[in-house]
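Peer 1: For reference, this is input_16.tsv, and it has TSV, C-alpha atoms and all ligand atoms.
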chain	number	residue	atom	x	y	z
A	1	MET	CA	-4.63	-11.53	-6.01
A	2	PHE	CA	-2.00	-9.56	-7.95
A	3	GLU	CA	-1.15	-12.72	-9.90
A	4	GLU	CA	-4.53	-12.67	-11.71
A	5	LEU	CA	-4.97	-8.92	-11.74
A	6	ALA	CA	-1.47	-7.76	-12.74
A	7	ALA	CA	-2.42	-6.68	-16.27
A	8	ARG	CA	-5.56	-4.91	-15.02
A	9	TYR	CA	-3.62	-3.19	-12.22
A	10	ASP	CA	-0.93	-2.06	-14.65
A	11	ALA	CA	-3.47	-0.84	-17.23
A	12	TRP	CA	-5.07	1.37	-14.55
A	13	TYR	CA	-1.95	3.57	-14.76
A	14	ASP	CA	-2.88	4.34	-18.38
A	15	SER	CA	-6.38	5.53	-17.49
A	16	ALA	CA	-6.89	9.28	-17.05
A	17	HIS	CA	-7.47	8.80	-13.29
A	18	GLY	CA	-4.49	6.47	-12.87
A	19	ARG	CA	-2.14	8.62	-14.89
A	20	LEU	CA	-2.93	11.72	-12.84
A	21	LEU	CA	-2.57	9.95	-9.48
A	22	PHE	CA	0.71	8.42	-10.67
A	23	ASP	CA	2.04	11.85	-11.70
A	24	LEU	CA	1.00	13.43	-8.39
A	25	GLU	CA	2.61	10.64	-6.36
A	26	LEU	CA	5.75	10.67	-8.50
A	27	ALA	CA	6.16	14.41	-7.98
A	28	CYS	CA	5.64	13.95	-4.25
A	29	LEU	CA	8.23	11.16	-3.97
A	30	ARG	CA	10.87	12.46	-6.41
A	31	PRO	CA	12.89	14.90	-4.23
A	32	LEU	CA	13.00	12.36	-1.42
A	33	VAL	CA	14.03	9.39	-3.59
A	34	LEU	CA	16.56	10.93	-5.95
A	35	PRO	CA	19.25	11.78	-3.34
A	36	GLY	CA	19.52	8.08	-2.46
A	37	PRO	CA	22.86	6.65	-3.59
A	38	ARG	CA	22.89	3.77	-6.07
A	39	PRO	CA	22.10	0.93	-6.20
A	40	ARG	CA	18.47	1.44	-5.24
A	41	LEU	CA	15.77	-1.16	-4.52
A	42	GLU	CA	12.00	-1.00	-4.59
A	43	VAL	CA	10.29	-3.53	-2.32
A	44	GLY	CA	6.77	-4.31	-3.54
A	45	VAL	CA	7.73	-3.14	-7.02
A	46	GLY	CA	4.56	-4.45	-8.66
A	47	SER	CA	4.68	-3.81	-12.39
A	48	GLY	CA	7.59	-1.40	-11.98
A	49	ARG	CA	6.00	1.92	-12.96
A	50	PHE	CA	7.65	3.87	-10.12
A	51	ALA	CA	10.92	1.95	-10.27
A	52	ALA	CA	11.23	2.65	-13.99
A	53	ALA	CA	10.38	6.34	-13.59
A	54	PHE	CA	13.07	6.73	-10.88
A	55	GLY	CA	15.63	4.50	-12.59
A	56	LEU	CA	15.74	2.09	-9.64
A	57	GLU	CA	17.94	-0.84	-10.52
A	58	VAL	CA	16.28	-3.63	-8.55
A	59	GLY	CA	12.65	-4.45	-7.78
A	60	LEU	CA	11.36	-7.18	-5.50
A	61	ASP	CA	7.84	-8.57	-5.24
A	62	PRO	CA	6.35	-11.89	-4.12
A	63	VAL	CA	4.12	-12.10	-7.21
A	64	ARG	CA	5.46	-13.27	-10.56
A	65	ALA	CA	3.01	-11.70	-13.05
A	66	PRO	CA	3.68	-8.03	-12.18
A	67	LEU	CA	7.40	-8.79	-11.87
A	68	ARG	CA	7.45	-9.85	-15.52
A	69	LEU	CA	6.04	-6.42	-16.42
A	70	ALA	CA	8.68	-4.74	-14.22
A	71	ALA	CA	11.42	-6.72	-15.96
A	72	GLY	CA	10.07	-5.41	-19.28
A	73	ARG	CA	10.70	-1.91	-17.88
A	74	ALA	CA	14.41	-2.60	-17.37
A	75	VAL	CA	14.13	-3.24	-13.63
A	76	ALA	CA	16.10	-6.27	-12.36
A	77	ALA	CA	13.14	-8.24	-11.00
A	78	VAL	CA	13.60	-10.48	-7.97
A	79	GLN	CA	10.87	-12.67	-6.54
A	80	GLY	CA	10.68	-12.65	-2.76
A	81	ALA	CA	9.02	-11.24	0.32
A	82	GLY	CA	9.99	-7.96	1.92
A	83	GLU	CA	10.05	-9.70	5.29
A	84	ARG	CA	12.93	-11.95	4.10
A	85	LEU	CA	14.97	-9.99	1.60
A	86	PRO	CA	17.30	-12.22	-0.43
A	87	PHE	CA	20.16	-9.70	-0.24
A	88	GLY	CA	23.19	-9.26	1.96
A	89	ASP	CA	23.62	-6.55	4.59
A	90	ARG	CA	24.36	-2.91	3.67
A	91	ILE	CA	24.05	-3.13	-0.09
A	92	PHE	CA	21.53	-0.50	-1.19
A	93	GLY	CA	21.71	3.28	-1.09
A	94	ALA	CA	17.94	3.53	-1.09
A	95	VAL	CA	14.97	1.29	-0.38
A	96	VAL	CA	11.69	2.59	-1.79
A	97	LEU	CA	8.22	1.39	-0.75
A	98	VAL	CA	5.22	2.71	-2.66
A	99	ILE	CA	1.93	1.68	-1.05
A	100	THR	CA	3.47	-1.62	0.02
A	101	LEU	CA	3.58	-1.56	3.83
A	102	CYS	CA	-0.22	-1.88	4.01
A	103	PHE	CA	-0.06	-5.01	1.79
A	104	ALA	CA	2.71	-6.78	3.72
A	105	ASP	CA	1.92	-9.59	6.15
A	106	ASP	CA	4.38	-8.14	8.64
A	107	PRO	CA	5.23	-4.50	7.89
A	108	ALA	CA	7.47	-4.21	10.97
A	109	ALA	CA	9.60	-7.13	9.78
A	110	LEU	CA	9.72	-5.64	6.29
A	111	LEU	CA	11.10	-2.38	7.72
A	112	GLY	CA	13.66	-4.30	9.74
A	113	GLU	CA	14.84	-6.02	6.57
A	114	ALA	CA	14.94	-2.71	4.69
A	115	ARG	CA	17.20	-1.33	7.40
A	116	ARG	CA	19.47	-4.36	7.22
A	117	VAL	CA	20.09	-4.06	3.47
A	118	LEU	CA	20.64	-0.28	3.54
A	119	LEU	CA	24.09	1.23	3.51
A	120	PRO	CA	24.78	3.28	6.66
A	121	SER	CA	24.26	6.41	4.53
A	122	GLY	CA	21.18	4.93	2.86
A	123	LEU	CA	17.67	6.28	2.61
A	124	LEU	CA	14.32	4.63	3.09
A	125	VAL	CA	11.41	6.30	1.30
A	126	ALA	CA	7.89	5.08	2.04
A	127	GLY	CA	4.92	6.40	0.09
A	128	VAL	CA	1.81	5.67	2.12
A	129	VAL	CA	-1.94	6.26	2.07
A	130	PRO	CA	-2.70	7.16	5.70
A	131	LEU	CA	-5.82	5.66	7.22
A	132	ASP	CA	-6.43	9.03	8.87
A	133	SER	CA	-7.22	10.62	5.50
A	134	ALA	CA	-10.39	10.64	3.45
A	135	TRP	CA	-8.53	8.69	0.71
A	136	GLY	CA	-7.38	6.01	3.17
A	137	ARG	CA	-10.87	5.65	4.65
A	138	ARG	CA	-12.33	5.43	1.14
A	139	TYR	CA	-9.94	2.65	0.05
A	140	GLU	CA	-10.46	0.80	3.32
A	141	ALA	CA	-14.25	0.93	2.89
A	142	GLN	CA	-13.85	-0.29	-0.71
A	143	GLY	CA	-11.71	-3.16	0.59
A	144	ARG	CA	-14.36	-4.12	3.15
A	145	ALA	CA	-16.92	-4.07	0.32
A	146	GLY	CA	-14.81	-6.61	-1.60
A	147	HIS	CA	-12.81	-4.39	-3.98
A	148	PRO	CA	-10.28	-6.74	-5.63
A	149	PHE	CA	-7.25	-4.51	-4.97
A	150	TYR	CA	-8.01	-3.33	-1.44
A	151	GLN	CA	-9.62	-6.39	0.12
A	152	GLY	CA	-7.63	-7.44	3.17
A	153	VAL	CA	-5.30	-4.44	2.97
A	154	ARG	CA	-4.38	-3.07	6.40
A	155	PHE	CA	-4.15	0.69	6.09
A	156	LEU	CA	-2.31	2.41	8.94
A	157	THR	CA	-2.48	5.93	10.35
A	158	LEU	CA	0.40	8.31	9.93
A	159	ALA	CA	1.22	8.00	13.65
A	160	GLU	CA	1.37	4.20	13.26
A	161	HIS	CA	3.77	4.56	10.32
A	162	ARG	CA	6.00	6.89	12.31
A	163	ARG	CA	5.99	4.56	15.30
A	164	MET	CA	6.85	1.55	13.13
A	165	LEU	CA	9.74	3.43	11.50
A	166	ALA	CA	11.12	4.43	14.91
A	167	ASP	CA	10.73	0.88	16.25
A	168	ALA	CA	12.63	-0.45	13.20
A	169	GLY	CA	15.54	1.91	13.90
A	170	PHE	CA	14.80	4.77	11.51
A	171	THR	CA	14.74	8.55	11.99
A	172	VAL	CA	12.40	10.48	9.71
A	173	THR	CA	14.44	13.06	7.80
A	174	GLY	CA	11.92	14.42	5.30
A	175	ALA	CA	8.30	14.29	4.26
A	176	ARG	CA	6.09	15.47	1.43
A	177	SER	CA	2.36	15.31	0.89
A	178	THR	CA	-0.13	15.35	-1.95
A	179	LEU	CA	-3.80	14.50	-2.52
A	180	THR	CA	-5.02	17.18	-0.14
A	181	GLN	CA	-8.13	17.33	-2.34
A	182	ALA	CA	-11.19	15.29	-1.43
A	183	PRO	CA	-11.16	11.79	-2.92
A	184	SER	CA	-13.06	11.45	-6.16
A	185	ASP	CA	-13.02	9.48	-9.40
A	186	ASP	CA	-12.05	12.67	-11.15
A	187	PRO	CA	-8.98	14.02	-9.34
A	188	VAL	CA	-7.34	17.29	-10.39
A	189	GLU	CA	-3.76	18.52	-10.60
A	190	GLU	CA	-2.19	19.82	-7.40
A	191	ASP	CA	1.33	20.67	-6.28
A	192	ALA	CA	2.96	18.40	-3.72
A	193	GLN	CA	3.82	20.17	-0.49
A	194	ASP	CA	6.85	19.77	1.75
A	195	GLY	CA	6.13	18.24	5.15
A	196	VAL	CA	3.20	16.25	6.42
A	197	VAL	CA	-0.13	17.86	5.56
A	198	PRO	CA	-2.74	16.46	7.99
A	199	GLY	CA	-5.42	14.59	6.06
A	200	ALA	CA	-3.38	14.28	2.84
A	201	GLY	CA	-4.21	11.11	0.93
A	202	PHE	CA	-0.60	10.35	-0.03
A	203	VAL	CA	2.41	11.05	2.18
A	204	ALA	CA	6.04	10.25	1.37
A	205	LEU	CA	8.28	9.74	4.40
A	206	GLN	CA	12.06	9.72	4.01
A	207	ALA	CA	14.01	8.08	6.82
A	208	ARG	CA	17.62	7.18	7.62
A	209	ARG	CA	19.11	4.43	9.69
A	210	GLN	CA	19.63	5.43	13.28
A	211	PRO	CA	23.20	4.61	14.26
A	212	PRO	CA	23.41	1.38	16.31
A	213	LEU	CA	23.46	1.99	20.05
B	1	LIG	C1	-0.37	-1.53	-4.27
B	1	LIG	S1	0.83	-2.56	-4.96
B	1	LIG	C2	2.11	-1.35	-5.29
B	1	LIG	C3	2.99	-1.74	-6.43
B	1	LIG	C4	3.95	-0.63	-6.86
B	1	LIG	N1	4.79	-0.18	-5.77
B	1	LIG	C5	3.14	0.52	-7.42
B	1	LIG	O1	2.95	1.49	-6.69
B	1	LIG	O2	2.68	0.40	-8.55
B	1	LIG	C6	1.51	-3.43	-3.57
B	1	LIG	C7	2.57	-4.41	-3.95
B	1	LIG	O3	3.12	-4.98	-2.76
B	1	LIG	C8	3.39	-6.33	-3.04
B	1	LIG	N2	3.52	-7.06	-1.76
B	1	LIG	C9	2.54	-7.65	-1.04
B	1	LIG	N3	3.07	-8.26	0.04
B	1	LIG	C10	4.41	-8.01	0.00
B	1	LIG	C11	5.51	-8.41	0.83
B	1	LIG	N4	5.31	-9.13	1.93
B	1	LIG	N5	6.75	-8.02	0.47
B	1	LIG	C12	6.94	-7.28	-0.65
B	1	LIG	N6	5.94	-6.87	-1.46
B	1	LIG	C13	4.70	-7.25	-1.15
B	1	LIG	C14	2.21	-6.77	-3.88
B	1	LIG	O4	2.46	-7.98	-4.58
B	1	LIG	C15	2.06	-5.57	-4.81
B	1	LIG	O5	2.84	-5.68	-5.96
How does this structure look as structure tokens?
Peer 2:
Amino acid sequence: MFEELAARYDAWYDSAHGRLLFDLELACLRPLVLPGPRPRLEVGVGSGRFAAAFGLEVGLDPVRAPLRLAAGRAVAAVQGAGERLPFGDRIFGAVVLVITLCFADDPAALLGEARRVLLPSGLLVAGVVPLDSAWGRRYEAQGRAGHPFYQGVRFLTLAEHRRMLADAGFTVTGARSTLTQAPSDDPVEEDAQDGVVPGAGFVALQARRQPPL
């Protein structure tokens, strides 16, 4: 899907709606991502808007067309699946996932791989749209109605994300929330808040590797 729609998906970020949502999500993620030591990897990098804004060195995605756009934004673009990362163990100081877990065939395996490639001191940061939010329910309904971006996407609740992180060997060490406003086609500015705000449409979870038993 992203192969044909890459240019359209990327152009959405230049619309008034897309630009505002991008800015809100960036502000939400920033304090959780920036402490991650280099080098840093985004899995599901798409066209590289977030990776470029954060100066992430490497971006991986299964789809070629958006990867070409990411490469044009000075991100080292690698084709591959998050469930089978083509990197050695303990390489990255941060692994960033922005609305990617819900697109992955096997999000649990993707998290396991993220843990494997992280340095012991490394950070995982996952930006998610919880299903238990009005935004998540809206996107899911759009997907069921055949929306080209959301069709087949498996949105998860916040509790499901937390459980998956714990099962993959992560401890949540920080969280921030935004999009506490009702979903609309005309969103407004708002400040991101520390912690998990129940019902927020975008939540960033920062997690660290639990030490091996
Ligand atoms: C909603 S887009 C997000 C792209 C980018 N993070 C952003 O926010 O602009 C989801 C991305 O996940 C990628 N993706 C889908 N399945 C994946 C997988 N198994 N491993 C890694 N990325 C995957 C898609 O190709 C797509 O680029």
Peer 1: Give one line per residue of chain A that approaches ligand LIG 1 (chain B) to at most 7 Å, naming the two atoms of the closest pair and their distance in Å to one decimal, counting only C-alpha atoms and all ligand atoms; sort by chain then ascending residue number and deliver it as JSON lines.
Peer 2:
{"residue": "A:Phe2", "atom": "CA", "partner": "B:LIG1", "partner_atom": "O4", "distance": 5.8}
{"residue": "A:Val43", "atom": "CA", "partner": "B:LIG1", "partner_atom": "C12", "distance": 5.3}
{"residue": "A:Gly44", "atom": "CA", "partner": "B:LIG1", "partner_atom": "N6", "distance": 3.4}
{"residue": "A:Val45", "atom": "CA", "partner": "B:LIG1", "partner_atom": "N1", "distance": 4.4}
{"residue": "A:Gly46", "atom": "CA", "partner": "B:LIG1", "partner_atom": "O5", "distance": 3.4}
{"residue": "A:Ser47", "atom": "CA", "partner": "B:LIG1", "partner_atom": "O2", "distance": 6.0}
{"residue": "A:Gly48", "atom": "CA", "partner": "B:LIG1", "partner_atom": "O2", "distance": 6.3}
{"residue": "A:Arg49", "atom": "CA", "partner": "B:LIG1", "partner_atom": "O2", "distance": 5.7}
{"residue": "A:Phe50", "atom": "CA", "partner": "B:LIG1", "partner_atom": "C5", "distance": 6.2}
{"residue": "A:Leu60", "atom": "CA", "partner": "B:LIG1", "partner_atom": "C12", "distance": 6.6}
{"residue": "A:Asp61", "atom": "CA", "partner": "B:LIG1", "partner_atom": "N6", "distance": 4.6}
{"residue": "A:Pro62", "atom": "CA", "partner": "B:LIG1", "partner_atom": "O4", "distance": 5.5}
{"residue": "A:Val63", "atom": "CA", "partner": "B:LIG1", "partner_atom": "O4", "distance": 5.2}
{"residue": "A:Pro66", "atom": "CA", "partner": "B:LIG1", "partner_atom": "O5", "distance": 6.7}
{"residue": "A:Gly80", "atom": "CA", "partner": "B:LIG1", "partner_atom": "C12", "distance": 6.9}
{"residue": "A:Ala81", "atom": "CA", "partner": "B:LIG1", "partner_atom": "N5", "distance": 3.9}
{"residue": "A:Gly82", "atom": "CA", "partner": "B:LIG1", "partner_atom": "N5", "distance": 3.6}
{"residue": "A:Glu83", "atom": "CA", "partner": "B:LIG1", "partner_atom": "N4", "distance": 5.8}
{"residue": "A:Leu97", "atom": "CA", "partner": "B:LIG1", "partner_atom": "N1", "distance": 6.3}
{"residue": "A:Val98", "atom": "CA", "partner": "B:LIG1", "partner_atom": "N1", "distance": 4.3}
{"residue": "A:Ile99", "atom": "CA", "partner": "B:LIG1", "partner_atom": "C1", "distance": 5.1}
{"residue": "A:Thr100", "atom": "CA", "partner": "B:LIG1", "partner_atom": "O3", "distance": 4.4}
{"residue": "A:Phe103", "atom": "CA", "partner": "B:LIG1", "partner_atom": "C9", "distance": 4.7}
{"residue": "A:Ala104", "atom": "CA", "partner": "B:LIG1", "partner_atom": "N4", "distance": 3.9}
{"residue": "A:Asp105", "atom": "CA", "partner": "B:LIG1", "partner_atom": "N4", "distance": 5.4}
{"residue": "A:Asp106", "atom": "CA", "partner": "B:LIG1", "partner_atom": "N4", "distance": 6.8}
{"residue": "A:Leu110", "atom": "CA", "partner": "B:LIG1", "partner_atom": "N5", "distance": 7.0}
Peer 1: Could you produce a table of the residues of segment 130-185 of chain A lying within 12 Å of segment 6-15 of chain A, with the nearest pair of atoms per residue and their separation in Å rounded to one decimal, using only C-alpha atoms, ordered by chain and increasing residue number, as JSON lines?
Peer 2:
{"residue": "A:Pro148", "atom": "CA", "partner": "A:Tyr9", "partner_atom": "CA", "distance": 10.0}
{"residue": "A:Phe149", "atom": "CA", "partner": "A:Tyr9", "partner_atom": "CA", "distance": 8.2}
{"residue": "A:Tyr150", "atom": "CA", "partner": "A:Tyr9", "partner_atom": "CA", "distance": 11.6}
{"residue": "A:Asp185", "atom": "CA", "partner": "A:Ser15", "partner_atom": "CA", "distance": 11.2}
Peer 1: Select, counting all atoms listed in the file, all protein, DNA and RNA residues no farther than 12 Å from (20.7, -10.6, 1.1) in file coordinates, and express the selection as a list of chain:residue names.
Peer 2: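 Those residues lying close to the given coordinates are A:Leu60, A:Val78, A:Gly80, A:Ala81, A:Gly82, A:Glu83, A:Arg84, A:Leu85, A:Pro86, A:Phe87, A:Gly88, A:Asp89, A:Arg90, A:Ile91, A:Phe92, A:Glu113, A:Ala114, A:Arg115, A:Arg116, A:Val117, A:Leu118.
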Peer 1: With all atoms listed in the file as the atoms that count, which of A:Leu123, A:Ala134, A:Leu158, A:Cys102 lies nearest to Pro31 of chain A?
Peer 2: A:Leu123
Peer 1: How far is it from atom CA of Ala200 of chain A to atom CA of Leu131 of chain A, in Å with one decimal?
Peer 2: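 Those two atoms sit 10.0 Å apart.
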Peer 1: Would you mind reading off the distance between atom CA of Leu205 of chain A and atom CA of Arg176 of chain A, one decimal, in Å?
Peer 2: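 Computing the Euclidean distance for atom CA of Leu205 of chain A and atom CA of Arg176 of chain A yields 6.8 Å.
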Peer 1: Check the smallest atom-to-atom distance from each of A:Gly136, A:Pro130, A:Gly146, A:Pro183 to Val203 of chain A using all atoms listed in the file, then report the winner.
Peer 2: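 Checking each of A:Gly136, A:Pro130, A:Gly146, A:Pro183 against Val203 of chain A, counting all atoms listed in the file, the winner is A:Pro130.
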Peer 1: When you count only C-alpha atoms, which of these residues is closest to Ala126 of chain A: A:Leu20, A:Leu111, A:Ala77, A:Ala65?
Peer 2: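 Of all the options, A:Leu111 lies closest to Ala126 of chain A.
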Peer 1: What is the distance, in Å and to one decimal place, between atom CA of Arg209 of chain A and atom CA of Val128 of chain A?
Peer 2: 18.9 Å
Peer 1: Which polymer residues have any atom within 10 Å of an atom of Leu32 of chain A, counting only C-alpha atoms, with same-chain residues fewer than 2 positions away left out, as a PyMOL selection string?
Peer 2: chain A and resi 27-30+34-36+96+123-126+173-176+204-207
Peer 1: Give as a list in words each residue that has an atom at most 9 Å from (20.4, 4.8, -5.4) in the file, counting all atoms listed in the file.
Peer 2: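 Protein, DNA and RNA residues close to (20.4, 4.8, -5.4): Val33, Leu34, Pro35, Gly36, Pro37, Arg38, Pro39, Arg40, Leu41, Gly55, Leu56, Glu57, Phe92, Gly93, Ala94, Val95, Gly122 and Leu123 of chain A.
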